[in-house]
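start20.txt (compact mmCIF, C-alpha atoms)
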# COMPACT_ATOMS: atom_id res chain seq x y z
CA MET A 12 41.48 -37.33 -100.86
CA LYS A 13 41.72 -34.84 -98.03
CA ARG A 14 39.21 -32.71 -99.81
CA LEU A 15 36.79 -35.56 -100.11
CA ALA A 16 37.12 -36.32 -96.43
CA SER A 17 36.41 -32.75 -95.40
CA ALA A 18 33.48 -32.59 -97.80
CA VAL A 19 32.07 -35.70 -96.22
CA ALA A 20 32.59 -34.23 -92.75
CA VAL A 21 30.90 -30.96 -93.71
CA SER A 22 27.92 -32.67 -95.25
CA ALA A 23 27.63 -34.93 -92.24
CA VAL A 24 27.49 -31.87 -90.01
CA LEU A 25 24.94 -30.25 -92.29
CA VAL A 26 22.76 -33.33 -92.26
CA LEU A 27 23.05 -33.91 -88.52
CA THR A 28 22.64 -30.33 -87.32
CA PRO A 29 18.86 -30.06 -87.80
CA VAL A 30 18.40 -33.36 -85.99
CA VAL A 31 20.40 -32.16 -82.99
CA LEU A 32 18.56 -28.83 -82.96
CA ALA A 33 15.20 -30.57 -83.13
CA GLY A 34 16.26 -32.73 -80.24
CA THR A 35 17.07 -29.80 -78.01
CA ALA A 36 13.90 -27.97 -78.99
CA SER A 37 11.62 -30.81 -78.00
CA ALA A 38 13.20 -31.27 -74.57
CA GLN A 39 13.63 -27.62 -73.73
CA THR A 40 14.80 -26.82 -70.25
CA PHE A 41 15.33 -23.48 -68.53
CA SER A 42 17.88 -22.47 -65.97
CA ASN A 43 15.53 -19.86 -64.56
CA CYS A 44 12.02 -18.50 -64.92
CA THR A 45 13.15 -15.36 -66.73
CA GLU A 46 14.51 -17.58 -69.46
CA ALA A 47 11.28 -19.54 -69.53
CA ALA A 48 9.24 -16.36 -69.71
CA ALA A 49 11.39 -15.13 -72.61
CA ALA A 50 10.42 -18.31 -74.42
CA GLY A 51 6.79 -17.64 -73.59
CA VAL A 52 6.62 -20.54 -71.15
CA ASP A 53 5.05 -20.44 -67.70
CA ASN A 54 3.09 -22.69 -65.34
CA ILE A 55 5.21 -25.73 -66.20
CA PRO A 56 3.58 -28.87 -64.72
CA ALA A 57 5.65 -31.46 -62.88
CA SER A 58 4.92 -33.95 -65.65
CA SER A 59 6.67 -31.77 -68.25
CA PRO A 60 10.32 -32.43 -69.15
CA ALA A 61 10.89 -28.68 -68.79
CA TYR A 62 9.92 -28.86 -65.11
CA SER A 63 12.61 -28.61 -62.49
CA ALA A 64 12.25 -28.36 -58.74
CA ASP A 65 14.59 -25.35 -58.78
CA LEU A 66 11.92 -23.42 -60.67
CA ASP A 67 9.18 -24.46 -58.27
CA SER A 68 9.90 -22.68 -55.03
CA ASP A 69 6.59 -23.42 -53.39
CA GLY A 70 6.97 -27.07 -54.31
CA ASP A 71 3.41 -27.35 -55.52
CA GLY A 72 4.27 -29.20 -58.71
CA VAL A 73 3.97 -26.19 -61.01
CA ALA A 74 7.17 -24.39 -61.96
CA CYS A 75 7.40 -20.72 -62.98
CA GLU A 76 3.87 -19.96 -61.94
CA LYS A 77 2.42 -16.80 -63.33
CA ASP A 78 0.94 -14.44 -60.77
CA GLY A 79 -2.61 -15.36 -60.04
CA ALA A 80 -2.20 -18.91 -61.27
CA GLY A 81 -2.01 -21.96 -59.11
CA SER A 82 -2.60 -21.82 -55.38
CA GLY A 83 -3.12 -18.54 -53.65
CA SER A 84 -0.12 -19.20 -51.47
CA GLY A 85 2.29 -17.62 -53.89
CA SER A 86 3.91 -18.21 -57.22
CA ASP A 87 7.36 -19.17 -58.23
CA GLY A 88 8.52 -16.14 -60.14
CA SER A 89 7.10 -13.39 -57.94
CA THR A 90 9.63 -13.01 -55.16
CA GLY A 91 11.55 -10.25 -56.86
CA SER A 92 13.69 -9.83 -59.91
CA THR A 93 16.92 -10.51 -58.05
CA SER A 94 15.90 -13.92 -56.79
CA GLN A 95 17.77 -16.69 -58.49
CA ASP A 96 14.55 -18.44 -59.34
CA GLU A 97 13.64 -20.08 -56.13
CA SER A 98 16.49 -22.47 -55.74
CA VAL A 99 15.60 -24.07 -52.46
CA SER A 100 18.92 -25.57 -51.56
CA SER A 101 21.17 -22.66 -50.69
CA SER A 102 24.28 -24.79 -50.99
CA GLY A 103 23.79 -24.96 -54.72
CA SER A 104 24.06 -28.71 -54.72
CA SER A 105 20.94 -30.25 -56.21
CA ARG A 106 20.94 -33.04 -53.66
CA PRO A 107 17.86 -32.75 -51.49
CA ASP A 108 18.10 -33.61 -47.83
CA GLN A 109 14.55 -33.37 -46.57
CA VAL A 110 13.97 -36.78 -48.11
CA THR A 111 16.93 -38.84 -46.92
CA VAL A 112 16.63 -41.57 -49.57
CA VAL A 113 15.06 -40.46 -52.84
CA PRO A 114 13.37 -43.48 -54.44
CA GLU A 115 13.96 -44.42 -58.08
CA GLY A 116 11.02 -43.95 -60.41
CA GLY A 117 7.36 -44.26 -59.64
CA ALA A 118 5.23 -46.41 -57.36
CA GLU A 119 3.62 -49.76 -58.20
CA THR A 120 0.23 -49.05 -56.75
CA GLY A 121 -2.27 -51.35 -58.40
CA ASP A 122 -2.67 -54.66 -60.21
CA GLY A 123 -5.55 -53.61 -62.47
CA SER A 124 -7.72 -56.32 -60.95
CA THR A 125 -10.86 -54.20 -60.80
CA GLU A 126 -10.64 -52.90 -64.36
CA THR A 127 -13.68 -54.19 -66.27
CA GLY A 128 -13.25 -57.43 -64.33
CA SER A 129 -16.73 -57.23 -62.82
CA GLY A 130 -17.97 -55.86 -66.13
CA TRP A 131 -17.00 -59.07 -67.83
CA TRP A 132 -18.83 -61.13 -65.24
CA VAL A 133 -21.97 -59.04 -65.48
CA GLY A 134 -21.82 -58.96 -69.27
CA GLY A 135 -21.28 -62.71 -69.33
CA GLY A 136 -24.23 -63.24 -66.99
CA LEU A 137 -26.50 -61.15 -69.19
CA LEU A 138 -25.36 -63.02 -72.31
CA ALA A 139 -26.02 -66.36 -70.65
CA ALA A 140 -29.44 -65.19 -69.54
CA ALA A 141 -30.28 -63.96 -73.03
CA ALA A 142 -29.16 -67.26 -74.53
CA GLY A 143 -31.24 -69.11 -71.95
CA LEU A 144 -34.31 -67.05 -72.80
CA LEU A 145 -33.85 -67.70 -76.51
CA GLY A 146 -33.42 -71.40 -75.86
CA ALA A 147 -36.51 -71.52 -73.66
CA ARG A 148 -38.58 -69.74 -76.27
CA ARG A 149 -37.37 -72.02 -79.01
CA SER A 150 -38.14 -75.20 -77.07
CA ARG A 151 -41.58 -73.81 -76.28
CA SER A 152 -42.39 -73.03 -79.90
CA ARG A 153 -41.34 -76.50 -80.91
CA VAL A 154 -44.03 -78.11 -78.74
CA MET B 8 -37.99 -90.73 -51.29
CA ARG B 9 -35.81 -92.82 -53.57
CA VAL B 10 -38.69 -93.20 -56.00
CA LEU B 11 -39.15 -89.46 -56.06
CA LEU B 12 -35.47 -88.89 -56.79
CA ASP B 13 -35.49 -91.45 -59.57
CA ASP B 14 -38.51 -89.74 -61.00
CA LEU B 15 -36.72 -86.45 -60.91
CA ALA B 16 -33.69 -87.91 -62.62
CA ARG B 17 -35.72 -89.46 -65.36
CA THR B 18 -38.06 -86.62 -66.24
CA PRO B 19 -36.55 -83.47 -67.72
CA PRO B 20 -37.04 -80.37 -65.60
CA PRO B 21 -40.36 -78.68 -66.34
CA ARG B 22 -40.23 -75.65 -68.56
CA ALA B 23 -41.40 -73.46 -65.74
CA THR B 24 -38.25 -74.35 -63.82
CA VAL B 25 -36.06 -73.43 -66.77
CA ALA B 26 -37.87 -70.13 -67.15
CA LEU B 27 -37.48 -69.45 -63.44
CA ALA B 28 -33.76 -70.19 -63.61
CA VAL B 29 -33.40 -67.77 -66.50
CA VAL B 30 -35.31 -65.06 -64.65
CA ALA B 31 -33.11 -65.65 -61.60
CA ALA B 32 -29.98 -65.28 -63.76
CA VAL B 33 -31.26 -62.00 -65.17
CA LEU B 34 -32.09 -60.72 -61.70
CA LEU B 35 -28.65 -61.71 -60.43
CA ALA B 36 -26.97 -59.89 -63.29
CA LEU B 37 -29.07 -56.80 -62.60
CA ALA B 38 -28.30 -57.03 -58.89
CA ALA B 39 -24.61 -56.91 -59.71
CA PHE B 40 -25.23 -53.56 -61.38
CA VAL B 41 -27.43 -52.21 -58.64
CA SER B 42 -25.33 -53.39 -55.71
CA VAL B 43 -22.58 -50.85 -56.43
CA PRO B 44 -22.12 -49.47 -52.90
CA PRO B 45 -24.45 -46.62 -52.02
CA ALA B 46 -22.83 -43.24 -51.46
CA ALA B 47 -22.76 -43.40 -47.67
CA SER B 48 -19.48 -41.81 -46.61
CA ARG B 49 -17.11 -44.07 -44.69
CA CYS B 50 -14.65 -41.41 -43.63
CA ALA B 51 -14.94 -38.57 -41.18
CA PRO B 52 -15.47 -35.19 -42.89
CA VAL B 53 -12.41 -32.98 -43.34
CA GLY B 54 -12.86 -29.37 -42.29
CA PRO B 55 -10.50 -26.41 -42.33
CA PRO B 56 -7.83 -26.28 -39.59
CA THR B 57 -8.55 -24.41 -36.36
CA HIS B 58 -4.96 -23.13 -36.24
CA LEU B 59 -4.38 -21.44 -39.57
CA ASP B 60 -0.60 -21.32 -39.62
CA ARG B 61 1.71 -22.49 -42.39
CA THR B 62 4.73 -22.71 -40.09
CA PRO B 63 5.92 -26.32 -40.33
CA LEU B 64 5.33 -28.58 -37.34
CA PRO B 65 7.98 -30.61 -35.52
CA SER B 66 8.42 -34.21 -36.65
CA SER B 67 5.74 -36.64 -35.50
CA ASP B 68 4.82 -39.94 -37.13
CA PRO B 69 1.48 -39.97 -38.92
CA ILE B 70 -1.34 -42.28 -37.87
CA SER B 71 -4.05 -41.91 -40.49
CA ILE B 72 -5.06 -39.95 -43.57
CA THR B 73 -8.40 -38.75 -44.96
CA VAL B 74 -9.06 -37.25 -48.38
CA GLY B 75 -12.50 -35.75 -47.90
CA SER B 76 -13.56 -35.16 -51.50
CA ILE B 77 -13.14 -38.81 -52.55
CA ASP B 78 -14.12 -40.32 -49.18
CA ALA B 79 -10.77 -42.06 -48.88
CA CYS B 80 -9.28 -42.84 -45.48
CA SER B 81 -6.80 -45.28 -44.04
CA SER B 82 -4.33 -45.81 -41.29
CA LEU B 83 -0.74 -45.17 -42.40
CA GLN B 84 1.77 -47.99 -42.58
CA PRO B 85 5.41 -46.83 -42.74
CA VAL B 86 7.11 -47.88 -46.00
CA GLY B 87 10.70 -47.55 -47.21
CA VAL B 88 12.49 -48.63 -50.37
CA ASP B 89 13.17 -52.08 -51.79
CA THR B 90 16.55 -53.44 -52.92
CA GLN B 91 16.21 -51.59 -56.25
CA ARG B 92 15.58 -48.35 -54.36
CA ARG B 93 11.98 -48.28 -55.52
CA ILE B 94 9.42 -46.98 -53.08
CA GLU B 95 7.71 -49.78 -51.20
CA VAL B 96 3.93 -49.98 -51.15
CA PRO B 97 1.58 -51.78 -48.77
CA SER B 98 0.67 -55.33 -49.88
CA VAL B 99 -1.49 -55.48 -52.99
CA HIS B 100 -3.63 -57.95 -51.02
CA THR B 101 -4.65 -55.14 -48.66
CA PRO B 102 -5.34 -52.40 -51.22
CA GLU B 103 -7.34 -50.40 -48.66
CA GLN B 104 -4.10 -49.70 -46.74
CA ALA B 105 -2.15 -46.51 -47.43
CA GLY B 106 1.57 -46.15 -46.71
CA TRP B 107 3.68 -43.24 -45.51
CA TYR B 108 7.22 -42.92 -46.88
CA ARG B 109 9.28 -43.04 -43.68
CA LEU B 110 12.58 -41.95 -45.30
CA GLY B 111 11.18 -38.45 -45.78
CA PRO B 112 9.47 -35.84 -43.62
CA THR B 113 6.39 -36.56 -41.51
CA PRO B 114 3.22 -34.81 -42.74
CA GLY B 115 3.21 -31.25 -41.42
CA GLU B 116 7.00 -31.21 -41.09
CA LEU B 117 9.17 -29.10 -43.43
CA GLY B 118 9.58 -30.85 -46.77
CA PRO B 119 7.61 -33.19 -49.03
CA ALA B 120 5.83 -35.92 -47.05
CA VAL B 121 4.79 -38.78 -49.32
CA VAL B 122 1.83 -41.13 -49.00
CA VAL B 123 1.28 -44.05 -51.41
CA GLY B 124 -1.90 -46.07 -51.91
CA HIS B 125 -3.22 -48.63 -54.37
CA VAL B 126 -5.79 -47.81 -57.01
CA ASN B 127 -6.87 -51.46 -56.83
CA GLY B 128 -5.62 -54.88 -55.79
CA ASP B 129 -6.86 -58.44 -55.42
CA GLY B 130 -10.06 -57.56 -57.25
CA ARG B 131 -10.97 -54.77 -54.86
CA GLU B 132 -10.83 -51.00 -55.09
CA GLY B 133 -7.83 -49.48 -53.38
CA VAL B 134 -7.75 -46.60 -50.92
CA PHE B 135 -6.81 -44.23 -53.78
CA ALA B 136 -9.20 -45.69 -56.38
CA ASP B 137 -10.59 -42.21 -57.04
CA LEU B 138 -7.44 -40.17 -56.56
CA ASP B 139 -7.66 -38.84 -60.13
CA ASP B 140 -10.96 -37.17 -59.17
CA VAL B 141 -9.20 -34.98 -56.59
CA GLU B 142 -9.17 -31.32 -57.54
CA GLN B 143 -7.28 -28.21 -56.60
CA GLY B 144 -8.58 -26.84 -53.30
CA ASP B 145 -9.67 -30.22 -51.89
CA ARG B 146 -8.75 -30.83 -48.26
CA ILE B 147 -6.61 -33.63 -46.84
CA ALA B 148 -6.18 -34.37 -43.13
CA VAL B 149 -3.40 -36.41 -41.53
CA THR B 150 -3.58 -37.33 -37.85
CA ARG B 151 -0.23 -37.51 -36.03
CA ARG B 152 1.11 -39.10 -32.86
CA ASP B 153 1.53 -35.70 -31.23
CA GLY B 154 -2.24 -35.23 -31.13
CA ARG B 155 -2.37 -32.80 -34.00
CA THR B 156 -4.25 -33.29 -37.23
CA ALA B 157 -2.25 -31.63 -40.00
CA SER B 158 -4.36 -30.03 -42.71
CA PHE B 159 -3.43 -29.75 -46.38
CA THR B 160 -4.98 -28.13 -49.44
CA VAL B 161 -4.50 -29.66 -52.88
CA THR B 162 -2.50 -27.43 -55.23
CA THR B 163 -2.00 -29.63 -58.29
CA VAL B 164 -2.86 -33.07 -59.61
CA VAL B 165 -0.64 -34.56 -62.33
CA GLN B 166 -0.51 -37.83 -64.19
CA ALA B 167 2.98 -38.87 -65.25
CA ASP B 168 4.56 -41.82 -67.04
CA LYS B 169 6.36 -44.00 -64.48
CA ASP B 170 9.37 -44.05 -66.80
CA GLU B 171 9.50 -40.26 -66.60
CA PHE B 172 8.48 -39.91 -62.99
CA PRO B 173 8.85 -36.28 -61.77
CA THR B 174 11.25 -37.28 -59.00
CA THR B 175 12.48 -33.79 -58.16
CA ALA B 176 8.96 -32.36 -58.03
CA VAL B 177 7.80 -35.14 -55.73
CA TYR B 178 10.83 -35.73 -53.51
CA GLY B 179 12.87 -32.53 -53.92
CA ASP B 180 13.31 -30.10 -51.05
CA THR B 181 10.55 -27.56 -50.46
CA ARG B 182 10.34 -24.30 -48.56
CA ASP B 183 7.35 -25.29 -46.51
CA ALA B 184 5.48 -28.39 -45.39
CA GLN B 185 4.08 -30.32 -48.32
CA LEU B 186 2.24 -33.55 -48.97
CA ARG B 187 2.20 -35.81 -52.03
CA LEU B 188 -0.25 -38.65 -52.62
CA ILE B 189 0.72 -41.26 -55.20
CA THR B 190 -1.26 -43.99 -56.89
CA CYS B 191 -1.43 -45.68 -60.29
CA GLY B 192 -3.23 -44.53 -63.40
CA GLY B 193 -3.14 -44.43 -67.16
CA ALA B 194 -3.09 -47.44 -69.43
CA LEU B 195 -3.07 -50.90 -67.88
CA ASP B 196 -0.60 -53.49 -69.10
CA ARG B 197 -2.86 -56.48 -68.53
CA SER B 198 -0.18 -59.14 -68.90
CA ALA B 199 2.13 -57.44 -66.40
CA HIS B 200 -0.74 -56.31 -64.10
CA ARG B 201 0.92 -52.92 -64.12
CA TYR B 202 -0.16 -49.40 -64.93
CA ASP B 203 1.93 -47.15 -67.14
CA ASP B 204 1.42 -43.96 -65.15
CA ASN B 205 1.30 -42.56 -61.66
CA VAL B 206 -1.32 -40.08 -60.50
CA ILE B 207 0.27 -37.60 -58.11
CA VAL B 208 -1.56 -35.13 -55.88
CA PHE B 209 0.46 -32.17 -54.60
CA ALA B 210 -0.86 -30.48 -51.47
CA ALA B 211 0.39 -27.71 -49.19
CA TYR B 212 0.20 -27.63 -45.40
CA ASP B 213 -2.01 -24.85 -44.06
CA GLY B 214 -2.49 -25.47 -40.36
CA TRP B 215 -3.55 -27.97 -37.74
CA THR B 216 -6.37 -29.00 -35.44
CA SER B 217 -6.19 -30.88 -32.14
CA THR B 218 -7.16 -34.47 -32.90
CA PRO B 219 -10.41 -35.15 -31.02

Please render this file's structure as structure tokens.
Amino acid sequence: MKRLASAVAVSAVLVLTPVVLAGTASAQTFSNCTEAAAAGVDNIPASSPAYSADLDSDGDGVACEKDGAGSGSGSDGSTGSTSQDESVSSSGSSRPDQVTVVPEGGAETGDGSTETGSGWWVGGGLLAAAAGLLGARRSRSRV
Amino acid sequence: MRVLLDDLARTPPPRATVALAVVAAVLLALAAFVSVPPAASRCAPVGPPTHLDRTPLPSSDPISITVGSIDACSSLQPVGVDTQRRIEVPSVHTPEQAGWYRLGPTPGELGPAVVVGHVNGDGREGVFADLDDVEQGDRIAVTRRDGRTASFTVTTVVQADKDEFPTTAVYGDTRDAQLRLITCGGALDRSAHRYDDNVIVFAAYDGWTSTP
């Protein structure tokens, strides 16, 4: 019975392991730019899950910038090999203080009211006009 | 007069009138296409700063913003957060109005200053309707109460799912003075009148000019 239990446990681990590994691979994060470079990753955009502000010293939205990439004002990994990857807050706490209250999530900046709205009106107008023309022609030919 | 009206009511409209009405409808529809506003710029041009100096400025509330490349400009209304700690935005009924996030740095000051604006609202284009056309190197100017116009250069433009908003990139501490512009983009959820994504412009401070 004990044997069966351990066999079940082992097979469960075997089955689950690849899933867990795949999970970590798809949401890869790096503690510094050297690590990222070792994985062949650079110029990580802010929209990527691998992005972190700690890896983006110039705060331009691109982490671990390669030299020559991004703005001319400097790149994230170029300030020397000893730098601990541009961590801005020297205290080590990740809590920023330049923004006193960090909002949750994104901004609701639009209601979509201009999307194809006028297009529908114009399209409708043209359709009506076309129908009117057809009708006019038909009534004329009948006479 | 009455006789004339009765006559009109009794006789069907002449064919010529119908044809005219149809032509008018076609012309109206065409006019809707043509009357897309001509490309006369509404905003003052944005030039490079006269004082090229990246040293952050002292705090001073912003007054207005201009993004030269997309001819977008607006006064800046201070906004905070709502009860759910979501960033407030100016009313959707005044989509031409941009807002400055007052719980962060002022533009030109050390840190990430944030400006939000609608892409559209109430059937009209918003101040940031064309924000996704902004490119790296474009110039942004923000006038401030201290008489300086802070100048910024766009470094990056990203589009991100609101559910995975890059909070640290946008609001995290920076080493110098930065600016972020936020609006909506991506797929539109028509029933909720809500966009899935945010378009975010990252820009770096590079100097100032005395506001004329």

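Between chain B and the candidates A:Ser58, A:Lys77, A:Ser42, A:Val52, the tightest atom-to-atom separation, counting all atoms listed in the file, involves A:Ser58.
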
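Contact shell of Arg152 (chain B) at 9 Å (only C-alpha atoms; same-chain neighbours under 3 positions omitted): Ser67, Asp68, Pro69, Ile70 and Arg155 of chain B.
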
**Asked** Could you list, as an MDAnalysis selection string, every residue of chain B that has an atom within 7 Å of an atom of chain A, counting only C-alpha atoms?
**Response** chainID B and resid 26 29 32:33 36 39 88 92:94 96 99 110:112 118 124:132 162:163 165:167 169:170 172:176 178:182 190:191 195 200:201 205 209:210

Generate the output file for the selected residues, C-alpha atoms, as an mmCIF file, in the frame of the given file.
data_model
loop_
_atom_site.group_PDB
_atom_site.id
_atom_site.type_symbol
_atom_site.label_atom_id
_atom_site.label_comp_id
_atom_site.auth_asym_id
_atom_site.auth_seq_id
_atom_site.Cartn_x
_atom_site.Cartn_y
_atom_site.Cartn_z
ATOM 1 C CA ALA B 26 -37.870 -70.130 -67.150
ATOM 2 C CA VAL B 29 -33.400 -67.770 -66.500
ATOM 3 C CA ALA B 32 -29.980 -65.280 -63.760
ATOM 4 C CA VAL B 33 -31.260 -62.000 -65.170
ATOM 5 C CA ALA B 36 -26.970 -59.890 -63.290
ATOM 6 C CA ALA B 39 -24.610 -56.910 -59.710
ATOM 7 C CA VAL B 88 12.490 -48.630 -50.370
ATOM 8 C CA ARG B 92 15.580 -48.350 -54.360
ATOM 9 C CA ARG B 93 11.980 -48.280 -55.520
ATOM 10 C CA ILE B 94 9.420 -46.980 -53.080
ATOM 11 C CA VAL B 96 3.930 -49.980 -51.150
ATOM 12 C CA VAL B 99 -1.490 -55.480 -52.990
ATOM 13 C CA LEU B 110 12.580 -41.950 -45.300
ATOM 14 C CA GLY B 111 11.180 -38.450 -45.780
ATOM 15 C CA PRO B 112 9.470 -35.840 -43.620
ATOM 16 C CA GLY B 118 9.580 -30.850 -46.770
ATOM 17 C CA GLY B 124 -1.900 -46.070 -51.910
ATOM 18 C CA HIS B 125 -3.220 -48.630 -54.370
ATOM 19 C CA VAL B 126 -5.790 -47.810 -57.010
ATOM 20 C CA ASN B 127 -6.870 -51.460 -56.830
ATOM 21 C CA GLY B 128 -5.620 -54.880 -55.790
ATOM 22 C CA ASP B 129 -6.860 -58.440 -55.420
ATOM 23 C CA GLY B 130 -10.060 -57.560 -57.250
ATOM 24 C CA ARG B 131 -10.970 -54.770 -54.860
ATOM 25 C CA GLU B 132 -10.830 -51.000 -55.090
ATOM 26 C CA THR B 162 -2.500 -27.430 -55.230
ATOM 27 C CA THR B 163 -2.000 -29.630 -58.290
ATOM 28 C CA VAL B 165 -0.640 -34.560 -62.330
ATOM 29 C CA GLN B 166 -0.510 -37.830 -64.190
ATOM 30 C CA ALA B 167 2.980 -38.870 -65.250
ATOM 31 C CA LYS B 169 6.360 -44.000 -64.480
ATOM 32 C CA ASP B 170 9.370 -44.050 -66.800
ATOM 33 C CA PHE B 172 8.480 -39.910 -62.990
ATOM 34 C CA PRO B 173 8.850 -36.280 -61.770
ATOM 35 C CA THR B 174 11.250 -37.280 -59.000
ATOM 36 C CA THR B 175 12.480 -33.790 -58.160
ATOM 37 C CA ALA B 176 8.960 -32.360 -58.030
ATOM 38 C CA TYR B 178 10.830 -35.730 -53.510
ATOM 39 C CA GLY B 179 12.870 -32.530 -53.920
ATOM 40 C CA ASP B 180 13.310 -30.100 -51.050
ATOM 41 C CA THR B 181 10.550 -27.560 -50.460
ATOM 42 C CA ARG B 182 10.340 -24.300 -48.560
ATOM 43 C CA THR B 190 -1.260 -43.990 -56.890
ATOM 44 C CA CYS B 191 -1.430 -45.680 -60.290
ATOM 45 C CA LEU B 195 -3.070 -50.900 -67.880
ATOM 46 C CA HIS B 200 -0.740 -56.310 -64.100
ATOM 47 C CA ARG B 201 0.920 -52.920 -64.120
ATOM 48 C CA ASN B 205 1.300 -42.560 -61.660
ATOM 49 C CA PHE B 209 0.460 -32.170 -54.600
ATOM 50 C CA ALA B 210 -0.860 -30.480 -51.470
#

**Asked** Counting all atoms listed in the file, what is within 12 Å of region 45-55 of chain B, bar same-chain residues fewer than 6 positions away, as a PyMOL selection string?
**Response** chain B and resi 71-82+134+144-150+156-160+212-219

**Distance criterion (all atoms listed in the file): nearest to Arg61 (chain B) out of B:Asp168, B:Glu95, B:Asp137, B:Glu116** = B:Glu116

**CA of His100 (chain B) to CA of Gly87 (chain B), straight-line distance in Å** = 18.1 Å

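Interatomic distance, CA of Ile189 (chain B) to CA of Ile207 (chain B): 4.7 Å.
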
**Prompt:** Could you work out how far CA of Gly133 (chain B) lies from CA of Gln91 (chain B), giving the answer in Å with one decimal?
**Reply:** 24.3 Å

**Request:** Could you give me, as a PyMOL selection string, the residues that have an atom at most 7 Å away from the point (1.0, -44.9, -45.9) in the coordinates of the file, using all atoms listed in the file?
**Result:** chain B and resi 83-86+105-108+122-124

Go ahead and save the residues from that selection, with C-alpha atoms, as a PDB file, in the frame of the given file.
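Dumped everything to result_32.pdb:
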ATOM      1  CA  LEU B  83      -0.740 -45.170 -42.400  1.00  0.00           C
ATOM      2  CA  GLN B  84       1.770 -47.990 -42.580  1.00  0.00           C
ATOM      3  CA  PRO B  85       5.410 -46.830 -42.740  1.00  0.00           C
ATOM      4  CA  VAL B  86       7.110 -47.880 -46.000  1.00  0.00           C
ATOM      5  CA  ALA B 105      -2.150 -46.510 -47.430  1.00  0.00           C
ATOM      6  CA  GLY B 106       1.570 -46.150 -46.710  1.00  0.00           C
ATOM      7  CA  TRP B 107       3.680 -43.240 -45.510  1.00  0.00           C
ATOM      8  CA  TYR B 108       7.220 -42.920 -46.880  1.00  0.00           C
ATOM      9  CA  VAL B 122       1.830 -41.130 -49.000  1.00  0.00           C
ATOM     10  CA  VAL B 123       1.280 -44.050 -51.410  1.00  0.00           C
ATOM     11  CA  GLY B 124      -1.900 -46.070 -51.910  1.00  0.00           C
TER      12      GLY B 124
END
